[in-house]
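Note: the block below is model01.txt and it holds compact mmCIF, C-alpha atoms.
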# COMPACT_ATOMS: atom_id res chain seq x y z
CA MET A 1 140.20 193.69 -71.59
CA ASN A 2 143.05 191.81 -70.02
CA THR A 3 141.85 188.23 -70.14
CA GLY A 4 144.80 185.90 -69.70
CA LEU A 5 146.30 184.39 -72.81
CA TYR A 6 146.46 180.79 -71.62
CA GLU A 7 143.00 180.93 -70.11
CA THR A 8 141.69 182.21 -73.45
CA ILE A 9 143.56 179.60 -75.49
CA HIS A 10 142.17 176.74 -73.39
CA ARG A 11 138.63 178.15 -73.07
CA ARG A 12 138.25 178.75 -76.83
CA ARG A 13 135.76 176.44 -78.55
CA ASP A 14 134.44 175.91 -82.07
CA VAL A 15 130.80 176.94 -81.62
CA ARG A 16 127.81 175.55 -83.54
CA ALA A 17 124.75 175.54 -81.31
CA GLN A 18 125.13 178.24 -78.65
CA PHE A 19 124.79 181.50 -80.63
CA THR A 20 122.15 183.92 -79.29
CA GLY A 21 122.10 186.42 -82.18
CA ALA A 22 122.51 189.35 -79.77
CA PRO A 23 124.27 192.43 -81.18
CA ILE A 24 128.04 193.01 -80.97
CA PRO A 25 129.07 196.56 -80.05
CA ASP A 26 131.05 198.26 -82.84
CA GLU A 27 134.04 198.89 -80.58
CA THR A 28 134.18 195.19 -79.65
CA LEU A 29 134.12 194.11 -83.28
CA ASN A 30 136.78 196.68 -84.05
CA ARG A 31 139.09 195.35 -81.32
CA ILE A 32 138.65 191.82 -82.67
CA LEU A 33 139.37 192.76 -86.29
CA THR A 34 142.31 194.93 -85.24
CA ALA A 35 143.74 191.92 -83.39
CA ALA A 36 143.33 189.79 -86.52
CA HIS A 37 145.03 192.46 -88.63
CA ALA A 38 147.98 192.49 -86.19
CA ALA A 39 148.92 188.91 -87.12
CA PRO A 40 152.32 188.11 -88.59
CA SER A 41 152.42 187.80 -92.37
CA VAL A 42 155.05 186.70 -94.84
CA GLY A 43 156.93 189.73 -96.14
CA LEU A 44 154.54 191.94 -94.11
CA SER A 45 152.08 191.34 -96.96
CA GLN A 46 148.96 191.32 -94.73
CA PRO A 47 147.22 189.35 -97.50
CA TRP A 48 143.86 188.92 -95.73
CA ASP A 49 140.45 190.58 -96.14
CA PHE A 50 137.41 190.31 -93.88
CA ILE A 51 133.92 190.37 -95.36
CA LEU A 52 131.34 190.99 -92.64
CA VAL A 53 128.18 189.20 -93.74
CA ARG A 54 125.06 190.37 -91.93
CA ASP A 55 122.57 190.08 -94.81
CA PRO A 56 120.06 187.34 -93.82
CA GLU A 57 119.47 186.26 -97.42
CA LEU A 58 123.16 185.70 -98.11
CA ARG A 59 123.47 183.73 -94.89
CA GLN A 60 120.42 181.65 -95.71
CA GLU A 61 121.79 180.82 -99.16
CA PHE A 62 125.11 179.81 -97.65
CA HIS A 63 123.42 177.71 -94.99
CA GLN A 64 121.48 175.79 -97.65
CA HIS A 65 124.71 175.12 -99.53
CA VAL A 66 126.27 173.86 -96.30
CA GLN A 67 123.35 171.51 -95.77
CA ARG A 68 123.87 170.03 -99.23
CA GLU A 69 127.57 169.53 -98.49
CA ARG A 70 126.59 167.89 -95.21
CA ASP A 71 124.63 165.32 -97.21
CA THR A 72 127.61 164.79 -99.50
CA PHE A 73 129.86 164.02 -96.53
CA ALA A 74 127.24 161.84 -94.82
CA ALA A 75 127.08 159.68 -97.95
CA THR A 76 130.76 158.75 -97.45
CA LEU A 77 130.14 157.39 -93.94
CA ASP A 78 129.12 153.93 -92.77
CA GLY A 79 127.34 152.49 -89.77
CA ALA A 80 128.29 153.99 -86.42
CA ALA A 81 130.10 157.00 -87.93
CA LYS A 82 127.05 157.85 -90.03
CA GLU A 83 124.81 157.56 -86.99
CA ARG A 84 127.11 159.73 -84.85
CA PHE A 85 127.27 162.37 -87.57
CA THR A 86 123.49 162.80 -87.62
CA ARG A 87 123.67 164.16 -84.06
CA ILE A 88 126.36 166.76 -84.82
CA LYS A 89 125.31 170.29 -85.74
CA ILE A 90 127.83 171.66 -88.24
CA ASP A 91 126.97 175.35 -88.52
CA GLY A 92 125.41 178.32 -86.75
CA VAL A 93 125.24 180.48 -89.88
CA ARG A 94 121.65 181.62 -89.36
CA GLU A 95 121.78 182.00 -85.58
CA ALA A 96 125.09 183.85 -85.12
CA THR A 97 125.02 187.66 -85.07
CA LEU A 98 127.13 187.86 -88.19
CA SER A 99 129.62 185.92 -90.24
CA VAL A 100 133.16 186.90 -91.15
CA VAL A 101 134.50 185.53 -94.41
CA VAL A 102 138.28 185.62 -94.48
CA THR A 103 140.09 185.62 -97.82
CA TYR A 104 143.64 185.44 -99.19
CA ASP A 105 144.94 187.79 -101.89
CA PRO A 106 148.22 186.40 -103.31
CA GLN A 107 148.90 189.65 -105.18
CA ARG A 108 149.05 191.76 -102.01
CA GLY A 109 152.57 193.05 -101.40
CA GLY A 110 153.82 191.58 -104.67
CA PRO A 111 155.43 190.87 -106.99
CA ALA A 112 158.43 189.98 -104.76
CA VAL A 113 156.97 188.94 -101.38
CA LEU A 114 159.91 188.53 -99.02
CA GLY A 115 159.89 184.94 -97.71
CA ARG A 116 157.46 183.48 -100.24
CA HIS A 117 159.63 182.61 -103.24
CA ALA A 118 160.35 179.09 -101.94
CA ILE A 119 156.98 178.33 -100.34
CA ALA A 120 153.99 179.44 -102.38
CA ASP A 121 151.55 178.68 -99.54
CA ALA A 122 153.31 180.99 -97.06
CA GLY A 123 150.74 183.72 -97.77
CA LEU A 124 147.89 181.33 -97.11
CA TYR A 125 149.54 180.42 -93.79
CA SER A 126 149.57 184.12 -92.83
CA VAL A 127 145.81 184.34 -93.32
CA CYS A 128 145.33 181.45 -90.89
CA LEU A 129 147.42 183.20 -88.25
CA ALA A 130 145.07 186.18 -88.53
CA ILE A 131 142.10 183.84 -88.11
CA GLN A 132 143.51 182.47 -84.86
CA ASN A 133 144.08 186.01 -83.54
CA LEU A 134 140.45 186.79 -84.40
CA TRP A 135 139.25 183.61 -82.70
CA LEU A 136 141.17 184.26 -79.49
CA ALA A 137 140.15 187.92 -79.36
CA ALA A 138 136.49 186.94 -79.77
CA THR A 139 136.88 184.37 -76.99
CA ALA A 140 138.41 187.00 -74.69
CA GLU A 141 135.40 189.23 -75.50
CA GLN A 142 133.08 186.41 -74.33
CA LEU A 143 131.92 185.76 -77.91
CA GLY A 144 131.83 182.49 -79.78
CA VAL A 145 133.36 181.61 -83.16
CA GLY A 146 132.46 178.67 -85.39
CA TRP A 147 134.53 177.85 -88.47
CA VAL A 148 132.27 176.34 -91.14
CA SER A 149 134.15 174.35 -93.77
CA PHE A 150 131.32 172.40 -95.43
CA TYR A 151 131.37 174.53 -98.58
CA ARG A 152 132.94 174.73 -102.02
CA GLU A 153 135.19 177.69 -102.65
CA PRO A 154 133.67 178.54 -106.07
CA PHE A 155 130.19 178.72 -104.51
CA LEU A 156 131.33 181.17 -101.84
CA ARG A 157 133.30 183.23 -104.36
CA ASP A 158 130.18 183.62 -106.52
CA LEU A 159 127.90 184.32 -103.55
CA LEU A 160 129.94 187.28 -102.30
CA GLY A 161 131.46 188.51 -105.58
CA ILE A 162 135.00 187.65 -104.51
CA PRO A 163 137.47 188.25 -107.39
CA ALA A 164 138.85 185.20 -109.19
CA THR A 165 142.38 186.04 -107.98
CA VAL A 166 141.32 186.00 -104.31
CA ARG A 167 140.80 182.73 -102.40
CA PRO A 168 138.15 182.29 -99.68
CA VAL A 169 139.83 180.68 -96.66
CA ALA A 170 137.19 180.61 -93.94
CA TRP A 171 133.56 181.27 -93.12
CA LEU A 172 133.46 182.17 -89.42
CA CYS A 173 130.22 182.54 -87.47
CA LEU A 174 130.68 185.17 -84.75
CA GLY A 175 128.57 186.44 -81.90
CA PRO A 176 127.41 186.23 -78.30
CA VAL A 177 126.73 182.72 -77.00
CA THR A 178 124.83 181.27 -74.08
CA HIS A 179 128.07 179.60 -72.96
CA LEU A 180 131.18 177.88 -74.25
CA GLU A 181 131.27 174.12 -73.79
CA GLN A 182 134.17 172.76 -71.75
CA THR A 183 134.65 169.81 -74.11
CA PRO A 184 134.81 170.14 -77.93
CA ASP A 185 131.55 169.12 -79.66
CA LEU A 186 133.21 166.30 -81.61
CA GLU A 187 134.59 164.83 -78.39
CA ARG A 188 131.25 165.13 -76.58
CA HIS A 189 129.55 163.35 -79.47
CA GLY A 190 132.13 160.56 -79.50
CA TRP A 191 133.44 161.46 -82.96
CA ARG A 192 137.07 161.75 -81.91
CA GLN A 193 139.11 162.28 -78.72
CA ARG A 194 141.87 164.80 -78.10
CA THR A 195 145.37 163.33 -77.82
CA PRO A 196 148.08 164.11 -75.25
CA VAL A 197 150.62 166.71 -76.36
CA SER A 198 153.44 164.21 -75.79
CA SER A 199 152.16 162.22 -78.78
CA VAL A 200 153.10 165.00 -81.22
CA ILE A 201 156.56 165.95 -79.93
CA HIS A 202 159.76 164.74 -81.58
CA HIS A 203 163.40 165.53 -80.86
CA ASN A 204 165.80 166.64 -83.59
CA ARG A 205 164.44 164.20 -86.13
CA TRP A 206 161.04 162.70 -86.87
CA THR A 207 161.93 159.29 -85.42
CA MET A 208 161.68 159.38 -81.65
CA GLU A 209 165.19 159.24 -80.18
CA MET B 210 151.02 183.49 -66.38
CA ASN B 211 148.12 185.82 -67.04
CA THR B 212 149.51 188.19 -69.63
CA GLY B 213 146.66 189.96 -71.39
CA LEU B 214 145.58 188.61 -74.73
CA TYR B 215 145.45 191.91 -76.61
CA GLU B 216 148.72 193.09 -75.13
CA THR B 217 150.32 189.83 -76.26
CA ILE B 218 148.82 190.00 -79.76
CA HIS B 219 150.11 193.53 -80.31
CA ARG B 220 153.52 193.01 -78.68
CA ARG B 221 154.27 189.84 -80.69
CA ARG B 222 157.06 190.24 -83.26
CA ASP B 223 158.79 188.06 -85.84
CA VAL B 224 162.30 187.88 -84.38
CA ARG B 225 165.54 187.53 -86.35
CA ALA B 226 168.35 189.34 -84.53
CA GLN B 227 167.53 189.47 -80.81
CA PHE B 228 167.92 185.84 -79.69
CA THR B 229 170.28 185.32 -76.74
CA GLY B 230 170.52 181.52 -76.78
CA ALA B 231 169.71 181.31 -73.06
CA PRO B 232 167.97 178.12 -71.92
CA ILE B 233 164.18 177.68 -71.77
CA PRO B 234 162.88 175.92 -68.64
CA ASP B 235 161.14 172.63 -69.46
CA GLU B 236 157.89 173.72 -67.84
CA THR B 237 157.82 176.90 -69.96
CA LEU B 238 158.35 174.94 -73.17
CA ASN B 239 155.67 172.51 -72.08
CA ARG B 240 153.13 175.31 -71.50
CA ILE B 241 153.89 176.71 -74.96
CA LEU B 242 153.53 173.35 -76.75
CA THR B 243 150.38 172.54 -74.78
CA ALA B 244 148.92 175.86 -75.93
CA ALA B 245 149.78 175.01 -79.55
CA HIS B 246 148.19 171.57 -79.15
CA ALA B 247 144.98 173.20 -77.84
CA ALA B 248 144.33 174.89 -81.20
CA PRO B 249 141.16 174.16 -83.15
CA SER B 250 141.48 171.57 -85.90
CA VAL B 251 139.21 170.36 -88.65
CA GLY B 252 137.34 167.26 -87.49
CA LEU B 253 139.39 167.40 -84.24
CA SER B 254 142.17 165.83 -86.30
CA GLN B 255 145.03 167.64 -84.49
CA PRO B 256 147.15 166.99 -87.59
CA TRP B 257 150.30 168.76 -86.37
CA ASP B 258 153.65 167.51 -85.04
CA PHE B 259 156.43 169.50 -83.40
CA ILE B 260 160.06 168.54 -83.95
CA LEU B 261 162.29 170.26 -81.39
CA VAL B 262 165.63 170.82 -83.10
CA ARG B 263 168.49 171.51 -80.68
CA ASP B 264 171.29 169.71 -82.54
CA PRO B 265 173.79 172.40 -83.64
CA GLU B 266 174.84 170.50 -86.76
CA LEU B 267 171.28 170.18 -88.03
CA ARG B 268 170.71 173.88 -87.39
CA GLN B 269 173.95 174.83 -89.13
CA GLU B 270 172.99 172.75 -92.19
CA PHE B 271 169.58 174.38 -92.30
CA HIS B 272 171.07 177.85 -91.89
CA GLN B 273 173.40 177.27 -94.86
CA HIS B 274 170.43 176.17 -96.97
CA VAL B 275 168.57 179.33 -95.92
CA GLN B 276 171.54 181.46 -96.99
CA ARG B 277 171.48 179.86 -100.43
CA GLU B 278 167.75 180.58 -100.73
CA ARG B 279 168.43 184.13 -99.64
CA ASP B 280 170.74 184.49 -102.65
CA THR B 281 168.05 182.99 -104.90
CA PHE B 282 165.54 185.61 -103.75
CA ALA B 283 168.06 188.46 -103.92
CA ALA B 284 168.67 187.60 -107.56
CA THR B 285 165.02 188.41 -108.34
CA LEU B 286 165.30 191.96 -106.95
CA ASP B 287 166.36 195.19 -108.61
CA GLY B 288 167.88 198.45 -107.48
CA ALA B 289 166.46 199.88 -104.25
CA ALA B 290 164.69 196.64 -103.22
CA LYS B 291 167.91 194.67 -103.65
CA GLU B 292 169.83 197.23 -101.61
CA ARG B 293 167.19 197.23 -98.83
CA PHE B 294 167.20 193.44 -98.71
CA THR B 295 170.95 193.31 -98.00
CA ARG B 296 170.30 195.02 -94.64
CA ILE B 297 167.57 192.57 -93.54
CA LYS B 298 168.54 189.57 -91.41
CA ILE B 299 166.25 186.69 -92.35
CA ASP B 300 166.96 184.05 -89.72
CA GLY B 301 168.17 183.43 -86.18
CA VAL B 302 168.55 179.68 -86.65
CA ARG B 303 172.00 179.46 -85.06
CA GLU B 304 171.44 182.00 -82.28
CA ALA B 305 168.01 180.92 -80.98
CA THR B 306 167.89 178.41 -78.11
CA LEU B 307 166.13 175.87 -80.27
CA SER B 308 163.98 175.53 -83.35
CA VAL B 309 160.52 174.03 -83.63
CA VAL B 310 159.63 172.47 -86.95
CA VAL B 311 155.87 172.17 -87.36
CA THR B 312 154.44 169.63 -89.78
CA TYR B 313 151.09 168.54 -91.21
CA ASP B 314 149.98 164.91 -91.42
CA PRO B 315 146.95 164.64 -93.75
CA GLN B 316 146.33 161.04 -92.66
CA ARG B 317 145.72 161.96 -89.02
CA GLY B 318 142.11 161.34 -88.03
CA GLY B 319 141.28 159.86 -91.44
CA PRO B 320 139.98 158.56 -93.69
CA ALA B 321 136.80 160.67 -93.20
CA VAL B 322 137.92 163.92 -91.57
CA LEU B 323 134.76 165.81 -90.62
CA GLY B 324 134.83 169.18 -92.39
CA ARG B 325 137.59 168.43 -94.88
CA HIS B 326 135.79 166.70 -97.77
CA ALA B 327 135.11 169.99 -99.58
CA ILE B 328 138.33 171.85 -98.71
CA ALA B 329 141.46 169.74 -98.92
CA ASP B 330 143.60 172.46 -97.31
CA ALA B 331 141.48 172.65 -94.14
CA GLY B 332 143.97 170.41 -92.32
CA LEU B 333 146.84 172.66 -93.32
CA TYR B 334 144.88 175.63 -91.97
CA SER B 335 144.56 173.85 -88.61
CA VAL B 336 148.33 173.53 -88.36
CA CYS B 337 148.69 177.29 -88.82
CA LEU B 338 146.22 177.96 -86.00
CA ALA B 339 148.44 175.86 -83.74
CA ILE B 340 151.46 177.89 -84.85
CA GLN B 341 149.78 181.15 -83.86
CA ASN B 342 148.89 179.71 -80.43
CA LEU B 343 152.54 178.74 -80.02
CA TRP B 344 153.70 182.19 -81.11
CA LEU B 345 151.41 184.03 -78.71
CA ALA B 346 152.22 181.70 -75.81
CA ALA B 347 155.94 182.24 -76.40
CA THR B 348 155.37 186.00 -76.49
CA ALA B 349 153.47 185.86 -73.19
CA GLU B 350 156.44 183.91 -71.75
CA GLN B 351 158.76 186.78 -72.80
CA LEU B 352 160.34 184.63 -75.52
CA GLY B 353 160.80 185.45 -79.18
CA VAL B 354 159.71 183.48 -82.24
CA GLY B 355 160.99 183.85 -85.79
CA TRP B 356 159.32 182.03 -88.68
CA VAL B 357 161.91 181.18 -91.33
CA SER B 358 160.45 180.49 -94.76
CA PHE B 359 163.54 180.71 -96.96
CA TYR B 360 163.74 176.95 -97.51
CA ARG B 361 162.55 174.21 -99.82
CA GLU B 362 160.25 171.61 -98.31
CA PRO B 363 162.11 168.60 -99.78
CA PHE B 364 165.37 169.80 -98.21
CA LEU B 365 163.81 170.07 -94.77
CA ARG B 366 162.04 166.73 -95.14
CA ASP B 367 165.35 165.04 -95.94
CA LEU B 368 167.26 166.86 -93.20
CA LEU B 369 164.93 165.70 -90.41
CA GLY B 370 163.74 162.38 -91.84
CA ILE B 371 160.15 163.56 -92.16
CA PRO B 372 157.98 160.90 -93.90
CA ALA B 373 156.95 161.57 -97.50
CA THR B 374 153.28 161.72 -96.47
CA VAL B 375 153.94 164.51 -93.95
CA ARG B 376 154.39 168.14 -95.03
CA PRO B 377 156.73 170.57 -93.26
CA VAL B 378 154.81 173.81 -92.63
CA ALA B 379 157.13 176.00 -90.57
CA TRP B 380 160.61 176.34 -89.14
CA LEU B 381 160.26 178.46 -86.00
CA CYS B 382 163.24 179.82 -84.06
CA LEU B 383 162.36 180.05 -80.37
CA GLY B 384 164.08 181.40 -77.31
CA PRO B 385 164.84 184.25 -74.94
CA VAL B 386 165.54 187.60 -76.59
CA THR B 387 167.19 190.83 -75.50
CA HIS B 388 163.93 192.63 -76.36
CA LEU B 389 161.06 192.67 -78.82
CA GLU B 390 161.11 195.55 -81.31
CA GLN B 391 158.07 197.82 -81.27
CA THR B 392 157.99 198.02 -85.07
CA PRO B 393 158.25 194.99 -87.40
CA ASP B 394 161.72 194.56 -88.93
CA LEU B 395 160.45 194.92 -92.49
CA GLU B 396 158.78 198.23 -91.59
CA ARG B 397 161.90 199.52 -89.80
CA HIS B 398 163.99 198.65 -92.84
CA GLY B 399 161.57 200.39 -95.21
CA TRP B 400 160.61 197.16 -96.99
CA ARG B 401 156.87 197.58 -96.47
CA GLN B 402 154.47 199.48 -94.19
CA ARG B 403 151.52 198.11 -92.23
CA THR B 404 148.10 199.13 -93.51
CA PRO B 405 145.08 200.38 -91.52
CA VAL B 406 142.55 197.68 -90.63
CA SER B 407 139.81 199.64 -92.40
CA SER B 408 141.52 198.84 -95.72
CA VAL B 409 140.71 195.11 -95.39
CA ILE B 410 137.08 195.25 -94.21
CA HIS B 411 134.15 194.69 -96.56
CA HIS B 412 130.41 194.52 -95.91
CA ASN B 413 128.26 191.63 -97.18
CA ARG B 414 130.04 191.46 -100.51
CA TRP B 415 133.59 192.09 -101.73
CA THR B 416 132.68 195.41 -103.40
CA MET B 417 132.48 198.13 -100.78
CA GLU B 418 128.84 199.09 -100.34
With the file now loaded, output its structure as structure tokens.
Amino acid sequence: MNTGLYETIHRRRDVRAQFTGAPIPDETLNRILTAAHAAPSVGLSQPWDFILVRDPELRQEFHQHVQRERDTFAATLDGAAKERFTRIKIDGVREATLSVVVTYDPQRGGPAVLGRHAIADAGLYSVCLAIQNLWLAATAEQLGVGWVSFYREPFLRDLLGIPATVRPVAWLCLGPVTHLEQTPDLERHGWRQRTPVSSVIHHNRWTME
Amino acid sequence: MNTGLYETIHRRRDVRAQFTGAPIPDETLNRILTAAHAAPSVGLSQPWDFILVRDPELRQEFHQHVQRERDTFAATLDGAAKERFTRIKIDGVREATLSVVVTYDPQRGGPAVLGRHAIADAGLYSVCLAIQNLWLAATAEQLGVGWVSFYREPFLRDLLGIPATVRPVAWLCLGPVTHLEQTPDLERHGWRQRTPVSSVIHHNRWTME
């Protein structure tokens, strides 16, 4: 597996509709999770956990919750935005081979986590770095990933018995796909366009110089 | 540039002491920032900005602030931990070629950001995904990155004139290095050891089944 980094970064998509449900070999899944676990973390705290959800009933329950949250969001939209949103599929929870729930444990590596005394969220940031490693590794393995964020954290915590001290950060659908789209779903559906990188670069200070 | 993804993920280090200060070609920096900007983001909001800090005075001011925060953290430690911490270099702000400050703008793509109504932090998570893309791209380009988190957000906001509505997320030192260590600094200095990936994997529910 020596897929190029840049090729992987630019080919990666957020997948909703293209999951086939085909199995993932154990060694592939292990490479992906090992890549996630190799992410940088504040104070080397490695504060993440990965819950592999294969149980169809748990996934069905989560999917139904997501559908309710979809309705909640739709109710905030007007006119053209509301119409556009009806065409956008927001999750592949039932179709993907499995789901990976990623969590953050603030107590890991404590009490004195080197580099976290001034920025409480630094541990949460570490978890996200692991998620991006996972996403890129899956892409290099020709799998798709879809991050579902239409859920309430307390619901997910209850569903999977996650301790009160641990925070759910992401529900990721993972598995083989028919293909990866070249253009992000939200751009294809006219929801929003990508911007040029030059629009987000500043020099020395925020104000352009 | 076709460095393998897994090789890059596992070779990546958090650099403090190995920066040379040598220049970075513009096209290299552009590839790295373009990779960061290609990260996934909630509702395709791309809520990140990158402030390239080359000004030596700004970097010196930030470094002095970091040293004060180092003292603040050291004061919380006892005995062996305090002694170990004295040997650990926590930033390469003055030695690295430049610094990249990464920020989060919650208003980007609003008011209705698709996928953020239920999880306010989803936009912050997106910024971290961009940071990991940047980190891996820099590693593939044979550069080093060091994330400095010994700072207070209000100080950094004031230093760089970042608007009150925008949140600083990371100060990243970036540049050529003499080498990347094989073992993380904190492990080499006996601060903390990496754990096996099996220790963070669960099946279906948090409790091991």
Subject >> Which residue of A:Thr165, A:Ser45, A:Gln18, A:Thr86 approaches B:Trp400 most closely, using all atoms listed in the file >> reply: A:Ser45
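Proximity to chain A at a cut-off of 6 Å picks out B:Asn211, B:Thr212, B:Gly213, B:Leu214, B:Asp258, B:Phe259, B:Ile260, B:Leu261, B:Val262, B:Gly324, B:Ala327, B:Tyr334, B:Cys337, B:Leu338, B:Gln341, B:Ser358, B:Phe359, B:Tyr360, B:Arg361, B:Leu369, B:Gly370, B:Ile371, B:Val409, B:Ile410, B:His411, B:His412, B:Asn413, B:Arg414, B:Trp415 on chain B, counting all atoms listed in the file.
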Need the axis-aligned box for stretch 143-162 of chain A with 8 Å each side, so what are the centre and edges in Å to one decimal, as lines of an AutoDock Vina configuration file?
center_x = 131.5
center_y = 180.5
center_z = -92.2
size_x = 23.3
size_y = 32.1
size_z = 44.6
**OP:** Work out how far atom CA of B:Thr392 is from atom CA of A:Leu134, in Å to one decimal.
**Re:** 20.8 Å
